[in-house]
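The structure under discussion appears below in the form of structure tokens.
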Amino acid sequence: MFDFDTNVHATRRQLLAGSAAVAAAMALPRDVFAASFHRFEHGAFDVTVVSDGFIILPPEVLLPDAGPEERADFLKRLGAGEKGAAVQANIPLIRHGEDLILIDNGSGTNFQPTAGKLVGNLGTLGISPEQITKVVFTHVHPDHSGATTTIDGKLLYPNARYYVGQAEWDFWTDKEFEARRPAGLHGFAKGAQRDLFAVDDRIIRVREGDEIVPGMSVVETPGHTPGHISLELEGRDNLLITGDACTSDTIFFARPDWHFGFDTDTEAALASRQKLLDRAASEKLKLLGYHWTYPGVGYAERRGDAYKFVSA
Ligand SMILES: [Zn+2]
């Protein structure tokens, strides 16, 4: 499951000699991307999946609806240990014209220590934080927006514009949040407010159909959080970057009827996930999932009431 680390180290060695020159290149030549990072062209977009590391999720979060035998079976397939299963954090780095766009910025120093590797891996690719022009939040959970500020409160990506769903902004920045919402969400709200308010002079709130750049548009997929968004990129078959609308390729393609423990509105999340998978199978959309097995790029093929994940 963690072969990707090996790839990164190999890449680091390969790039060591040329990295200074590459980092200095203003025009970002296409070959700054190392071959061992998963990279593909999609229409007008050049997409590289960069790992932020991984996080551990406990069984009761991953599989709240599973019976004991099913739970054991899925945990085995996930390679889970006693504390739970390690799930990847796949961050798309997208080049479009002069823009260098991140979809989410990972955990930074604000979540589990096995994550927060994005900025180092970008460095391996010869990309410095100053070169990122846009950061789009699918949602503002700590493993997605936690790298907005450094440990001393500075912006990690100082030249980026930020994008977040209007409903996501409204939910987490509610002044009455603690009075209105359950205690289990209060810690999440503190982190979300830290990340959103740090960029409040440079954040753009978006809705269904809004474009981040031409050909990259917002698809609202509420439920995991109230303002969760996915991103649809035009190409031969469109690419849908799903964020946490479907948190596991291993579990939810096989069981699209099951809930996920960290969804804020579990029924809305279930409906969004089912709609997304149904549409992906019908329209043969290419998918890119945040917590899916690296690089998390593939298709949903219908199998009766369920789906098979077919790696691209
Ligand atoms: Zn997540």
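Following the order of the structure tokens, chains are lettered A, B, ..., residues in each are numbered from 1, and ligands are numbered from 1.
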Could you tell me, as a ChimeraX atom specification, which residues of region 101-210 of chain A DSSP assigns to helix (DSSP H, G or I) when given the backbone? /A:118-124,129-131,142-145,166-172,177-180,183-198
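Around ligand 1, using only C-alpha atoms and all ligand atoms and a cut-off of 10 Å, the residues in contact are Ile55, Leu57, Val87, Gln88, Ala89, Asn90, Asp104, Gly106, Ser107, Thr138, His139, Val140, His141, Pro142, Asp143, His144, Ser145, His224, Gly243, Asp244, Ala245, Cys246, Thr247, Ser248, Phe262, Gly289, Tyr290 and His291 of chain A.
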Could you tell me which of A:Lys117, A:Lys275, A:Lys190, A:Arg202 comes closest to Glu220 (chain A) if we count only C-alpha atoms? A:Lys275
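Excluding region 170-176 of chain A and any residue on its chain fewer than 6 positions from it, the residues at most 10 Å away by only C-alpha atoms are A:Val140, A:Leu185, A:His186, A:Phe188, A:Ala189, A:Lys190, A:Gly191, A:Ala192, A:Gln193, A:Arg194, A:Leu196, A:Phe197, A:Arg205, A:Thr225, A:Pro226, A:Gly227.
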Which is closest to Met216 (chain A) among A:Gln131, A:Leu240, A:Val310, A:Val199, if we use only C-alpha atoms? A:Leu240
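Restricting the calculation to only C-alpha atoms, the smallest distance between Ile241 (chain A) and any of A:Asp52, A:Val47, A:Ala306, A:Ile127 is found for A:Val47.
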What gap, in Å, lies between CA of Pro222 (chain A) and CA of Arg77 (chain A)? 27.8 Å
Between A:Thr133, A:Asn105, A:Thr293, A:Thr48, which one has atoms that come closest to Val213 (chain A), using only C-alpha atoms? A:Thr133
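Residue-level DSSP output for region 131-235 of chain A, from the backbone, shows strand (DSSP E or B) at A:Lys134, A:Val135, A:Val136, A:Thr149, A:Leu155, A:Arg161, A:Tyr162, A:Tyr163, A:Val164, A:Gly165, A:Ile203, A:Ile204, A:Arg205, A:Val206, A:Glu211, A:Ile212, A:Val213, A:Met216, A:Ser217, A:Val218, A:Val219, A:Glu220, A:Ile229, A:Ser230, A:Leu231, A:Glu232, A:Leu233.
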Pick out the closest residue to Ser217 (chain A) from this set: A:Pro158, A:Gly165, A:Pro182, A:Gly261. Count only C-alpha atoms. A:Gly165
Tell me which protein, DNA and RNA residues are within 6 Å of Leu285 (chain A), counting only C-alpha atoms, leaving out same-chain ones fewer than 4 positions away, and put them as a ChimeraX atom specification. /A:237-239,280
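The closest residue to Ile101 (chain A), picked from A:Glu41, A:Asp46, A:Glu60, A:Glu208 and counting only C-alpha atoms, is A:Asp46.
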Distance query Ala86 (chain A) at most 10 Å, only C-alpha atoms, self and fewer than 3 positions along chain excluded, as a list in words: Met1, Phe2, Gly53, Phe54, Ile55, Ile56, Leu57, Pro58, Leu78, Gly79, Ala80, Gly81, Lys83, Ala89, Thr114, His291 and Thr293 of chain A
Since we have the selection now, will you write its residues out, keeping C-alpha atoms, as a PDB file, in the first residue's frame?
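The resulting again_26.pdb:
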```
ATOM      1  CA  MET A   1       0.000   0.000   0.000  1.00  0.00           C
ATOM      2  CA  PHE A   2       2.872   2.400   0.670  1.00  0.00           C
ATOM      3  CA  GLY A  53       0.972  10.868   2.746  1.00  0.00           C
ATOM      4  CA  PHE A  54      -1.755   8.869   4.441  1.00  0.00           C
ATOM      5  CA  ILE A  55      -4.073   8.995   7.443  1.00  0.00           C
ATOM      6  CA  ILE A  56      -5.437   6.238   9.676  1.00  0.00           C
ATOM      7  CA  LEU A  57      -9.200   5.837   9.935  1.00  0.00           C
ATOM      8  CA  PRO A  58     -10.763   3.553  12.571  1.00  0.00           C
ATOM      9  CA  LEU A  78      -7.879  -2.457   3.245  1.00  0.00           C
ATOM     10  CA  GLY A  79      -4.774  -3.953   4.886  1.00  0.00           C
ATOM     11  CA  ALA A  80      -5.975  -2.612   8.236  1.00  0.00           C
ATOM     12  CA  GLY A  81      -4.091  -2.944  11.511  1.00  0.00           C
ATOM     13  CA  LYS A  83      -6.104   1.021  15.017  1.00  0.00           C
ATOM     14  CA  ALA A  89      -4.312  11.478   0.500  1.00  0.00           C
ATOM     15  CA  THR A 114       1.747  10.448   8.577  1.00  0.00           C
ATOM     16  CA  HIS A 291      -8.501   8.754  -0.196  1.00  0.00           C
ATOM     17  CA  THR A 293      -5.556   3.655  -3.446  1.00  0.00           C
TER      18      THR A 293
END
```
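The gap separating CA of Ile103 (chain A) from CA of Gly43 (chain A) is 17.3 Å, in Å to one decimal.
As for CA of His259 (chain A) and CA of Pro64 (chain A), they are spaced 6.7 Å apart.
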